[in-house]
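Okay, structure-v1.cif is below, mmCIF, C-alpha atoms and all ligand atoms:
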data_my_file
loop_
_atom_site.label_atom_id
_atom_site.label_comp_id
_atom_site.auth_asym_id
_atom_site.auth_seq_id
_atom_site.Cartn_x
_atom_site.Cartn_y
_atom_site.Cartn_z
CA MET L 1 -11.22 -71.10 24.81
CA GLN L 2 -10.62 -74.22 26.87
CA PRO L 3 -10.88 -77.50 24.97
CA ARG L 4 -14.11 -79.33 25.69
CA PRO L 5 -13.71 -82.23 28.11
CA PRO L 6 -14.60 -85.62 26.59
CA LEU L 7 -18.18 -86.75 27.08
CA LYS L 8 -18.63 -89.16 29.97
CA PRO L 9 -20.18 -92.55 29.14
CA LEU L 10 -23.48 -93.14 30.94
CA ASN L 11 -22.36 -96.24 32.84
CA GLU L 12 -19.33 -94.36 34.17
CA ALA L 13 -21.48 -91.43 35.29
CA LEU L 14 -23.94 -93.76 36.98
CA ALA L 15 -21.23 -95.71 38.79
CA GLN L 16 -19.66 -92.49 40.04
CA LEU L 17 -22.98 -91.08 41.16
CA LEU L 18 -23.90 -94.26 43.07
CA ALA L 19 -20.46 -94.64 44.63
CA GLY L 20 -21.08 -91.40 46.51
CA ALA L 21 -24.50 -92.44 47.83
CA MET L 22 -25.08 -94.46 51.00
CA PRO L 23 -28.52 -95.83 51.89
CA LEU L 24 -30.41 -93.60 54.32
CA SER L 25 -30.88 -95.18 57.72
CA ALA L 26 -33.86 -93.46 59.38
CA SER L 27 -36.86 -95.76 59.72
CA GLU L 28 -40.39 -95.61 61.11
CA THR L 29 -43.24 -98.00 61.84
CA VAL L 30 -46.37 -97.76 59.70
CA ALA L 31 -49.60 -99.75 59.49
CA THR L 32 -49.34 -102.54 56.91
CA LEU L 33 -52.41 -101.06 55.23
CA GLU L 34 -50.48 -97.80 54.74
CA ALA L 35 -47.19 -99.34 53.65
CA ASP L 36 -47.76 -99.59 49.89
CA GLY L 37 -44.68 -98.43 48.00
CA ARG L 38 -42.51 -98.19 51.11
CA VAL L 39 -39.18 -99.97 51.57
CA LEU L 40 -38.84 -102.54 54.35
CA ALA L 41 -36.35 -101.74 57.09
CA GLN L 42 -36.75 -105.19 58.64
CA ASP L 43 -36.91 -108.83 57.66
CA VAL L 44 -40.33 -110.39 58.07
CA VAL L 45 -40.08 -113.88 59.58
CA SER L 46 -43.16 -116.01 59.94
CA GLU L 47 -44.07 -117.24 63.41
CA LEU L 48 -46.53 -119.77 62.04
CA HIS L 49 -47.17 -122.18 59.22
CA VAL L 50 -49.23 -120.87 56.30
CA PRO L 51 -51.67 -122.47 55.94
CA PRO L 52 -51.70 -123.15 59.66
CA GLN L 53 -53.10 -126.68 59.28
CA ASP L 54 -53.93 -129.25 56.61
CA ASN L 55 -57.14 -128.15 54.92
CA SER L 56 -59.39 -128.95 52.02
CA SER L 57 -59.02 -127.24 48.66
CA MET L 58 -62.47 -128.45 47.52
CA ASP L 59 -66.03 -128.73 48.67
CA GLY L 60 -66.52 -132.48 49.16
CA TYR L 61 -65.83 -135.30 51.60
CA ALA L 62 -62.77 -136.10 53.68
CA LEU L 63 -62.05 -139.79 54.16
CA ARG L 64 -59.47 -142.50 54.54
CA CYS L 65 -58.42 -144.01 51.21
CA SER L 66 -58.26 -147.42 52.87
CA ASP L 67 -62.04 -147.23 53.48
CA VAL L 68 -62.73 -146.90 49.74
CA ILE L 69 -60.94 -149.66 47.90
CA GLN L 70 -63.77 -150.11 45.46
CA ILE L 71 -65.62 -147.54 43.37
CA GLY L 72 -69.14 -147.05 44.68
CA THR L 73 -68.40 -147.71 48.36
CA ALA L 74 -70.88 -145.90 50.62
CA LEU L 75 -69.80 -144.51 54.00
CA PRO L 76 -71.75 -142.77 56.73
CA GLN L 77 -71.16 -139.05 57.22
CA SER L 78 -69.86 -138.57 60.77
CA GLN L 79 -69.28 -134.81 60.88
CA ARG L 80 -69.62 -131.59 58.92
CA ILE L 81 -66.70 -129.13 58.84
CA ALA L 82 -66.95 -125.64 57.36
CA ALA L 83 -64.12 -123.10 57.08
CA GLY L 84 -63.36 -121.59 60.49
CA MET L 85 -64.59 -124.65 62.45
CA ALA L 86 -62.46 -127.10 64.40
CA ALA L 87 -62.39 -130.70 63.12
CA GLN L 88 -62.83 -133.83 65.24
CA PRO L 89 -60.77 -136.95 64.48
CA LEU L 90 -62.41 -138.88 61.69
CA ALA L 91 -64.42 -141.82 63.08
CA ASP L 92 -63.41 -145.22 61.68
CA GLY L 93 -65.20 -146.23 58.53
CA SER L 94 -66.85 -142.83 58.01
CA LEU L 95 -66.38 -139.69 55.97
CA ALA L 96 -66.77 -136.01 56.82
CA ARG L 97 -68.61 -133.38 54.85
CA ILE L 98 -65.97 -130.68 54.25
CA PHE L 99 -65.78 -127.29 52.55
CA THR L 100 -62.93 -125.36 50.94
CA GLY L 101 -60.52 -123.99 53.52
CA ALA L 102 -61.92 -126.13 56.36
CA PRO L 103 -59.39 -128.06 58.47
CA LEU L 104 -58.90 -131.69 57.57
CA PRO L 105 -60.09 -134.03 60.32
CA PRO L 106 -57.20 -135.99 61.88
CA GLY L 107 -57.12 -139.45 60.31
CA ALA L 108 -58.40 -138.36 56.88
CA ASP L 109 -55.89 -138.70 54.05
CA ALA L 110 -57.87 -137.52 51.00
CA VAL L 111 -60.75 -135.31 49.95
CA VAL L 112 -63.16 -136.39 47.23
CA MET L 113 -64.95 -133.54 45.54
CA GLN L 114 -68.69 -133.43 45.89
CA GLU L 115 -69.21 -133.88 42.14
CA ASP L 116 -67.74 -137.38 42.53
CA CYS L 117 -70.09 -138.39 45.36
CA THR L 118 -73.80 -139.21 45.68
CA VAL L 119 -75.73 -138.54 48.87
CA LEU L 120 -77.97 -141.54 49.48
CA ASP L 121 -81.41 -141.30 50.95
CA ALA L 122 -81.35 -141.52 54.74
CA SER L 123 -85.10 -141.98 55.17
CA ASP L 124 -84.76 -144.63 57.89
CA GLY L 125 -83.40 -141.93 60.25
CA ALA L 126 -79.88 -143.28 60.12
CA ARG L 127 -76.90 -141.01 59.42
CA PRO L 128 -76.70 -139.98 55.78
CA GLN L 129 -74.68 -142.29 53.63
CA VAL L 130 -72.51 -140.97 50.85
CA ARG L 131 -71.46 -143.08 47.89
CA VAL L 132 -67.99 -142.41 46.58
CA ASN L 133 -67.95 -142.79 42.79
CA VAL L 134 -64.17 -142.66 42.30
CA LEU L 135 -61.11 -144.29 43.82
CA PRO L 136 -59.52 -141.59 46.00
CA GLN L 137 -55.81 -140.93 45.71
CA HIS L 138 -53.78 -140.40 48.85
CA GLY L 139 -53.41 -136.65 49.56
CA GLN L 140 -55.78 -135.43 46.87
CA TRP L 141 -57.39 -131.98 47.31
CA ILE L 142 -55.48 -131.38 50.52
CA ARG L 143 -53.45 -128.23 51.12
CA ARG L 144 -50.73 -129.15 53.56
CA ALA L 145 -49.87 -127.08 56.65
CA GLY L 146 -46.89 -124.86 55.86
CA GLU L 147 -46.93 -125.62 52.12
CA ASP L 148 -46.88 -121.86 51.43
CA VAL L 149 -44.77 -120.64 54.37
CA GLY L 150 -43.09 -122.62 57.15
CA ARG L 151 -42.75 -121.35 60.72
CA GLY L 152 -39.40 -119.52 60.89
CA ASP L 153 -39.25 -118.79 57.15
CA ARG L 154 -38.17 -115.32 56.13
CA VAL L 155 -40.95 -114.19 53.79
CA LEU L 156 -39.73 -110.64 53.08
CA SER L 157 -36.27 -109.11 53.30
CA HIS L 158 -34.91 -105.78 54.40
CA GLY L 159 -34.74 -103.47 51.38
CA THR L 160 -37.79 -104.91 49.62
CA ARG L 161 -40.09 -102.39 48.01
CA LEU L 162 -43.60 -103.23 49.23
CA GLY L 163 -46.31 -103.70 46.63
CA PRO L 164 -49.67 -105.43 46.71
CA ALA L 165 -48.26 -108.98 46.85
CA GLU L 166 -45.77 -108.14 49.62
CA LEU L 167 -48.46 -106.43 51.72
CA GLY L 168 -50.65 -109.53 51.40
CA GLN L 169 -47.74 -111.75 52.39
CA ALA L 170 -46.94 -109.62 55.45
CA ALA L 171 -50.58 -109.65 56.53
CA GLY L 172 -50.74 -113.41 55.92
CA VAL L 173 -48.13 -113.99 58.63
CA GLY L 174 -49.90 -111.65 61.04
CA MET L 175 -48.04 -108.35 60.60
CA ASP L 176 -50.36 -105.37 61.15
CA SER L 177 -47.48 -102.90 61.11
CA LEU L 178 -44.08 -102.84 59.46
CA ARG L 179 -40.78 -101.08 59.99
CA VAL L 180 -40.02 -99.11 56.82
CA LEU L 181 -37.39 -96.61 55.77
CA CYS L 182 -38.34 -92.97 56.09
CA ARG L 183 -39.11 -91.50 52.71
CA PRO L 184 -36.20 -89.64 51.13
CA ARG L 185 -36.89 -85.92 51.55
CA VAL L 186 -36.41 -84.17 48.24
CA ALA L 187 -36.42 -80.43 47.59
CA LEU L 188 -37.46 -79.70 44.02
CA PHE L 189 -37.14 -76.49 42.15
CA SER L 190 -37.10 -75.21 38.61
CA THR L 191 -34.87 -72.48 37.30
CA GLY L 192 -35.54 -70.09 34.46
CA ASP L 193 -36.93 -66.57 34.12
CA GLU L 194 -39.01 -67.70 31.16
CA LEU L 195 -41.05 -70.06 33.33
CA VAL L 196 -44.61 -69.33 34.34
CA MET L 197 -46.68 -71.55 36.57
CA PRO L 198 -49.87 -72.88 34.99
CA GLY L 199 -52.63 -70.90 36.64
CA ALA L 200 -50.48 -67.82 37.16
CA CYS L 201 -51.27 -66.53 33.69
CA PRO L 202 -53.89 -67.69 31.17
CA PRO L 203 -52.52 -69.01 27.84
CA ALA L 204 -53.87 -66.03 25.88
CA ALA L 205 -52.04 -63.56 28.12
CA MET L 206 -48.61 -65.25 28.19
CA PRO L 207 -45.90 -62.61 27.74
CA PRO L 208 -43.44 -62.98 24.84
CA GLY L 209 -40.81 -65.60 25.54
CA ALA L 210 -42.70 -67.15 28.43
CA ILE L 211 -43.39 -70.89 28.70
CA TYR L 212 -45.24 -72.89 31.27
CA ASN L 213 -43.24 -74.85 33.80
CA SER L 214 -43.86 -78.43 32.81
CA ASN L 215 -40.77 -79.99 34.42
CA ARG L 216 -42.00 -79.25 37.90
CA PHE L 217 -45.07 -81.38 37.34
CA PHE L 218 -43.46 -84.49 35.92
CA LEU L 219 -40.49 -84.34 38.29
CA ALA L 220 -42.77 -84.11 41.33
CA SER L 221 -44.76 -87.06 39.99
CA LEU L 222 -41.64 -89.13 39.26
CA LEU L 223 -40.27 -88.41 42.73
CA ARG L 224 -43.50 -89.36 44.47
CA ARG L 225 -43.75 -92.58 42.50
CA LEU L 226 -40.30 -93.45 43.76
CA GLY L 227 -41.45 -93.01 47.33
CA CYS L 228 -40.08 -89.54 48.05
CA ASP L 229 -41.46 -86.84 50.27
CA VAL L 230 -41.32 -83.82 47.93
CA SER L 231 -40.94 -80.20 49.00
CA ASP L 232 -41.93 -78.35 45.88
CA LEU L 233 -40.08 -75.05 46.09
CA GLY L 234 -41.33 -73.57 42.84
CA ILE L 235 -39.34 -71.44 40.43
CA VAL L 236 -36.01 -69.80 41.21
CA PRO L 237 -35.17 -66.76 39.09
CA ASP L 238 -31.99 -66.71 37.01
CA GLN L 239 -30.00 -64.71 39.57
CA ARG L 240 -26.95 -65.77 41.47
CA ALA L 241 -28.05 -64.50 44.88
CA ALA L 242 -31.55 -65.94 44.65
CA THR L 243 -30.17 -69.30 43.53
CA VAL L 244 -27.66 -69.44 46.40
CA GLU L 245 -30.38 -68.56 48.89
CA ALA L 246 -32.79 -71.18 47.53
CA LEU L 247 -30.13 -73.89 47.65
CA ARG L 248 -28.93 -72.90 51.11
CA SER L 249 -32.38 -73.19 52.64
CA ALA L 250 -33.20 -76.39 50.69
CA ALA L 251 -30.09 -78.07 52.07
CA GLN L 252 -31.68 -78.03 55.52
CA GLY L 253 -33.80 -81.06 56.17
CA HIS L 254 -33.54 -82.64 52.72
CA ASP L 255 -31.66 -85.69 51.50
CA LEU L 256 -31.64 -84.53 47.89
CA ILE L 257 -32.00 -81.19 46.15
CA LEU L 258 -33.19 -81.63 42.57
CA THR L 259 -33.24 -78.77 40.12
CA SER L 260 -34.03 -78.51 36.44
CA GLY L 261 -32.51 -76.05 34.02
CA GLY L 262 -29.51 -73.78 34.34
CA VAL L 263 -26.82 -76.48 34.13
CA SER L 264 -25.50 -75.60 30.71
CA VAL L 265 -22.66 -73.13 30.74
CA GLY L 266 -24.56 -70.15 29.39
CA GLU L 267 -24.37 -66.80 31.14
CA GLU L 268 -27.82 -67.33 32.57
CA ASP L 269 -26.91 -70.66 34.12
CA HIS L 270 -26.40 -69.93 37.79
CA ILE L 271 -26.61 -73.37 39.30
CA LYS L 272 -22.91 -74.15 38.95
CA PRO L 273 -21.46 -71.13 40.80
CA ALA L 274 -24.23 -71.26 43.40
CA VAL L 275 -23.62 -74.91 44.32
CA GLN L 276 -19.87 -74.35 44.29
CA ALA L 277 -20.30 -71.45 46.71
CA LEU L 278 -22.16 -73.70 49.17
CA GLY L 279 -20.65 -77.14 48.69
CA SER L 280 -19.10 -79.26 45.98
CA LEU L 281 -20.13 -79.77 42.39
CA ASP L 282 -19.23 -81.89 39.39
CA LEU L 283 -20.60 -80.71 36.10
CA TRP L 284 -20.70 -83.52 33.59
CA GLN L 285 -21.32 -83.72 29.89
CA ILE L 286 -22.75 -87.22 29.60
CA ALA L 287 -22.65 -89.02 26.28
CA ILE L 288 -26.42 -89.47 26.06
CA LYS L 289 -29.17 -88.07 23.91
CA PRO L 290 -31.47 -86.64 25.06
CA GLY L 291 -29.57 -85.33 28.05
CA LYS L 292 -25.90 -84.36 28.17
CA PRO L 293 -25.51 -81.61 30.80
CA PHE L 294 -25.86 -83.05 34.29
CA ALA L 295 -24.66 -81.63 37.58
CA HIS L 296 -24.23 -83.40 40.85
CA GLY L 297 -22.66 -82.59 44.15
CA ARG L 298 -23.35 -82.03 47.81
CA ILE L 299 -24.53 -79.14 49.91
CA GLY L 300 -24.05 -80.03 53.57
CA GLN L 301 -25.67 -83.43 54.14
CA ALA L 302 -27.86 -83.12 51.05
CA HIS L 303 -27.10 -84.62 47.66
CA PHE L 304 -27.50 -82.20 44.82
CA VAL L 305 -28.58 -83.10 41.28
CA GLY L 306 -29.10 -80.57 38.52
CA LEU L 307 -31.01 -81.87 35.50
CA PRO L 308 -31.07 -80.22 32.09
CA GLY L 309 -33.98 -77.87 31.39
CA ASN L 310 -35.25 -79.36 28.16
CA PRO L 311 -38.26 -81.39 29.25
CA VAL L 312 -37.42 -84.68 27.53
CA SER L 313 -33.77 -84.43 28.60
CA SER L 314 -34.91 -83.77 32.13
CA PHE L 315 -37.32 -86.71 32.12
CA VAL L 316 -34.91 -89.19 30.56
CA THR L 317 -31.91 -88.23 32.70
CA PHE L 318 -34.14 -88.57 35.73
CA LEU L 319 -34.95 -92.16 34.74
CA LEU L 320 -31.34 -92.99 33.87
CA LEU L 321 -29.58 -91.38 36.83
CA VAL L 322 -31.85 -89.96 39.53
CA ARG L 323 -34.03 -93.06 39.76
CA PRO L 324 -31.07 -95.36 40.53
CA LEU L 325 -29.77 -92.77 43.00
CA LEU L 326 -33.11 -92.68 44.84
CA LEU L 327 -33.30 -96.48 44.89
CA ARG L 328 -29.78 -96.60 46.30
CA LEU L 329 -30.68 -94.05 48.99
CA GLN L 330 -33.57 -96.38 49.91
CA GLY L 331 -31.35 -99.45 49.93
CA VAL L 332 -33.23 -101.05 47.04
CA ALA L 333 -31.20 -103.12 44.63
CA ASP L 334 -31.85 -101.71 41.17
CA ALA L 335 -32.05 -104.06 38.24
CA GLY L 336 -31.21 -101.13 35.95
CA LEU L 337 -32.46 -100.57 32.46
CA HIS L 338 -32.36 -104.14 31.21
CA GLY L 339 -34.02 -103.83 27.85
CA VAL L 340 -36.27 -106.57 26.54
CA PRO L 341 -35.20 -107.64 23.03
CA THR L 342 -37.97 -106.35 20.76
CA ARG L 343 -38.36 -105.92 17.00
CA ALA L 344 -37.91 -102.41 15.62
CA ASP L 345 -40.59 -101.60 13.04
CA PHE L 346 -38.69 -98.46 12.04
CA ASP L 347 -35.41 -97.33 10.54
CA TRP L 348 -32.94 -95.15 12.42
CA SER L 349 -30.33 -94.25 9.87
CA ARG L 350 -28.71 -91.19 11.45
CA PRO L 351 -27.17 -92.48 14.67
CA ASP L 352 -25.46 -90.07 17.02
CA LYS L 353 -22.02 -90.27 18.63
CA ARG L 354 -23.86 -90.34 21.94
CA GLN L 355 -25.88 -93.22 23.37
CA GLU L 356 -29.47 -92.51 22.41
CA PHE L 357 -32.78 -93.21 24.12
CA LEU L 358 -35.51 -93.18 21.51
CA ARG L 359 -39.15 -92.72 22.45
CA VAL L 360 -41.11 -95.60 20.98
CA ARG L 361 -44.42 -97.38 21.35
CA ARG L 362 -45.31 -101.05 21.09
CA ASN L 363 -47.68 -101.90 18.28
CA VAL L 364 -50.20 -104.73 18.09
CA GLN L 365 -47.78 -106.82 16.02
CA GLY L 366 -45.40 -106.84 18.99
CA GLY L 367 -42.91 -104.51 17.31
CA LEU L 368 -41.92 -100.94 18.10
CA ASP L 369 -42.97 -97.74 16.33
CA LEU L 370 -40.84 -94.61 16.59
CA TYR L 371 -42.18 -91.18 17.46
CA PRO L 372 -41.24 -89.03 14.45
CA ASN L 373 -39.94 -86.03 16.41
CA GLN L 374 -37.16 -87.08 18.79
CA SER L 375 -36.19 -83.55 19.76
CA SER L 376 -35.34 -83.05 23.43
CA GLY L 377 -37.98 -80.39 23.91
CA VAL L 378 -40.90 -82.42 22.58
CA LEU L 379 -42.83 -83.76 25.57
CA THR L 380 -45.41 -85.20 23.19
CA SER L 381 -42.90 -87.97 22.41
CA LEU L 382 -43.16 -89.14 26.03
CA VAL L 383 -46.93 -89.01 26.09
CA TRP L 384 -47.21 -90.86 22.77
CA GLY L 385 -44.46 -93.33 23.63
CA ASP L 386 -44.64 -96.12 26.18
CA GLY L 387 -40.94 -96.74 26.55
CA LEU L 388 -37.36 -96.22 25.42
CA VAL L 389 -35.01 -97.98 23.05
CA ASN L 390 -31.40 -97.87 24.15
CA VAL L 391 -29.20 -97.28 21.09
CA PRO L 392 -25.41 -97.63 21.50
CA PRO L 393 -23.30 -94.75 20.17
CA GLY L 394 -23.07 -94.69 16.40
CA GLN L 395 -25.39 -97.64 15.81
CA ALA L 396 -28.00 -97.47 13.09
CA ILE L 397 -31.22 -99.47 13.27
CA ALA L 398 -32.85 -101.13 10.30
CA ARG L 399 -36.48 -102.23 10.26
CA GLY L 400 -36.66 -105.78 11.64
CA ASP L 401 -33.61 -105.44 13.92
CA THR L 402 -33.94 -106.58 17.50
CA VAL L 403 -33.39 -103.70 19.93
CA PRO L 404 -33.43 -103.36 23.74
CA TYR L 405 -36.73 -101.86 24.85
CA THR L 406 -37.64 -100.70 28.36
CA ALA L 407 -41.26 -99.84 29.16
CA PHE L 408 -41.85 -96.67 31.18
CA ALA L 409 -44.28 -98.75 33.25
CA GLU L 410 -41.35 -100.80 34.50
CA LEU L 411 -39.50 -97.71 35.68
CA LEU L 412 -42.37 -95.80 37.19
CA VAL L 413 -43.66 -98.18 39.83
P1 LIG Q 1 -31.75 -74.51 30.33
O1 LIG Q 1 -31.24 -75.86 30.70
O2 LIG Q 1 -32.11 -73.69 31.52
O3 LIG Q 1 -30.84 -73.79 29.40
O4 LIG Q 1 -33.10 -74.76 29.54
C1 LIG Q 1 -33.12 -75.46 28.31
C2 LIG Q 1 -34.48 -75.38 27.68
O5 LIG Q 1 -35.44 -76.00 28.50
C3 LIG Q 1 -34.98 -73.96 27.46
O6 LIG Q 1 -35.66 -73.91 26.24
C4 LIG Q 1 -35.93 -73.77 28.62
O7 LIG Q 1 -36.91 -72.80 28.33
C5 LIG Q 1 -36.52 -75.14 28.79
N1 LIG Q 1 -36.93 -75.33 30.17
C6 LIG Q 1 -36.16 -75.14 31.26
N2 LIG Q 1 -36.84 -75.40 32.38
C7 LIG Q 1 -38.08 -75.77 32.00
C8 LIG Q 1 -39.27 -76.14 32.72
N3 LIG Q 1 -39.27 -76.19 34.05
N4 LIG Q 1 -40.38 -76.45 32.01
C9 LIG Q 1 -40.34 -76.40 30.66
N5 LIG Q 1 -39.27 -76.06 29.94
C10 LIG Q 1 -38.15 -75.72 30.59
MG MG Q 2 -32.52 -71.80 31.93
#

Can you turn what I pasted into structure tokens?
Amino acid sequence: MQPRPPLKPLNEALAQLLAGAMPLSASETVATLEADGRVLAQDVVSELHVPPQDNSSMDGYALRCSDVIQIGTALPQSQRIAAGMAAQPLADGSLARIFTGAPLPPGADAVVMQEDCTVLDASDGARPQVRVNVLPQHGQWIRRAGEDVGRGDRVLSHGTRLGPAELGQAAGVGMDSLRVLCRPRVALFSTGDELVMPGACPPAAMPPGAIYNSNRFFLASLLRRLGCDVSDLGIVPDQRAATVEALRSAAQGHDLILTSGGVSVGEEDHIKPAVQALGSLDLWQIAIKPGKPFAHGRIGQAHFVGLPGNPVSSFVTFLLLVRPLLLRLQGVADAGLHGVPTRADFDWSRPDKRQEFLRVRRNVQGGLDLYPNQSSGVLTSLVWGDGLVNVPPGQAIARGDTVPYTAFAELLV
């Protein structure tokens, strides 16, 4: 028997995987309303000031401070300006009724809120007089033109993943459509003769040895959350010819082929010879738990990644390796798994030689609880947990230790 190759550290595997991946270049124009989750393929530069002009941030009265040098001064109201109206220059010695968002009349240098003013009776038919019960400060309650965005400012950069705030920002500078990268096209399939699709067979009638295909469902969901266009190609039987055929057709028109299962070196693991027959393949044993077997390579123009079959291994290796790869393909800078220092409210006294990713959940005391069964087949640990603790090789954890915690929520947007 050949000696086992040494396990590859995760950071080495990740660096190698990313080194072989260039950002995809195809882009398309979509309506800003439809651009949530997409990656910008342009800079967005503002052609105007936001806000476009000085305006009031209160309902009240716009005036000149020099007209109110004494508390209790009364001034005539010379105009009324609501949001959306144009303002006239402020007549000397007067004030203007003004509402939030309305443009400041030229000449005014402060707004006094209405709670600090008293409207005096104008029974003699004269213009209403308003008494100002405070000493106004220069500039108060005024939002200045361009204080948010200046004309010519770049408000969003190429490679930005668009979320709610970015869409609002783009719309706020007048963009009704945006140039975005085309979604990475991903072919997904599962391998394993034991797999049955939910719906194909009721639970009571499952044949001996059969299990439902759960990986397909979470992998499709993970891919879509990362902005991919997923071709779900179902289950490939554990046969060499069928596997080669499935991979050959998937390589057409996809940027990535993602499989789960069949990457160990058992007799029933056909991914390795099939990919080698069509392109190139590296089969790695990565020093992580859950995880370990991981295959990557190329078939034609398509990247190939083979994840382990055990559901938790598949899920975690996706987050650790496939997610950064997909972000790279989309030109998005990835901050990586930067754990937040958090208190462990558990003991972990049997550390592994491999780097471990424990499924944990935050408790109301701000600490972390550990799911009792950390086995790589136990999907319940992912449902119960809300994140991962990254444990260096061979390191034990004692209750009260500070450990690096990454929430799933941070990785799945
Ligand atoms: P493999 O990597 O193909 O040797 O599979 C390892 C383990 O994961 C086996 O117990 C498989 O039955 C299980 N497994 C593989 N693929 C899936 C899947 N799509 N859904 C659920 N379990 C799977
Ligand atoms: Mg298998």

(message) Distance cut-off 10 Å, centre (-35.4, -82.7, 57.0) in file coordinates, counting only C-alpha atoms: which residues qualify? Return them as JSON, numbers by chain.
(response) {"L": [184, 185, 186, 187, 229, 250, 251, 252, 253, 254, 255, 302]}

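The smallest atom-to-atom distance between ligand MG 2 (chain Q) and any of L:Leu307, L:Val322, L:Val130, L:Ala145, using all atoms listed in the file, is found for L:Leu307.
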
(message) Using only C-alpha atoms, which protein or nucleic acid residues come within 8 Å of L:Val30? Drop anything in the same chain fewer than 2 positions from it, and give the result as a ChimeraX atom specification.
(response) /L:28,32,34-35,177-180

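Within the 10 Å cut-off around L:His158, using only C-alpha atoms and omitting residues fewer than 3 positions from it on the same chain, the listed residues are L:Val39, L:Leu40, L:Ala41, L:Gln42, L:Asp43, L:Val44, L:Arg161, L:Arg179, L:Val180, L:Leu181, L:Gly331, L:Val332.
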
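Note that atom CA of L:Gly261 and atom CA of L:Gln276 are 16.4 Å apart.
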
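Considering all atoms listed in the file, every residue of the polymer chains approaching ligand LIG 1 (chain Q) to 6 Å or closer is listed here: Ser190, Gly192, Asn213, Ser214, Asn215, Arg216, Ser260, Gly261, Gly262, Val263, Ser264, Pro308, Gly309, Asn310 and Pro311 of chain L.
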
(message) Give me, as an MDAnalysis selection string, all polymer residues having an atom no more than 10 Å from L:Arg225, counting only C-alpha atoms and skipping those fewer than 3 positions away in the same chain.
(response) chainID L and resid 37 219:222 228:229 411:413

(request) List the neighbours of stretch 113-123 of chain L out to 12 Å using only C-alpha atoms; skip same-chain residues closer than 4 positions along the sequence, and give me the result as a PyMOL selection string. (result) chain L and resi 56-63+71-77+95-100+127-137+140-142

(message) Rounded to one decimal, what separation in Å do you get between atom CA of L:Arg350 and atom CA of L:Ala398?
(response) 10.8 Å

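If all atoms listed in the file are the atoms counted, then among L:Val312, L:Ala86, L:Val45, L:Ala210 the closest residue to L:Asp153 is L:Val45.
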
(message) So that I can check the surroundings of L:Leu325, please list as a PyMOL selection string every protein, DNA and RNA residue that reaches within 10 Å of it, counting all atoms listed in the file and ignoring chain neighbours fewer than 6 positions away.
(response) chain L and resi 14-15+17-23+256+303+305+318-319+331-332+334

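With only C-alpha atoms as the atoms that count, the residue of L:Phe315, L:Arg240, L:Gly266, L:Glu245 with the shortest distance to L:Leu223 is L:Phe315.
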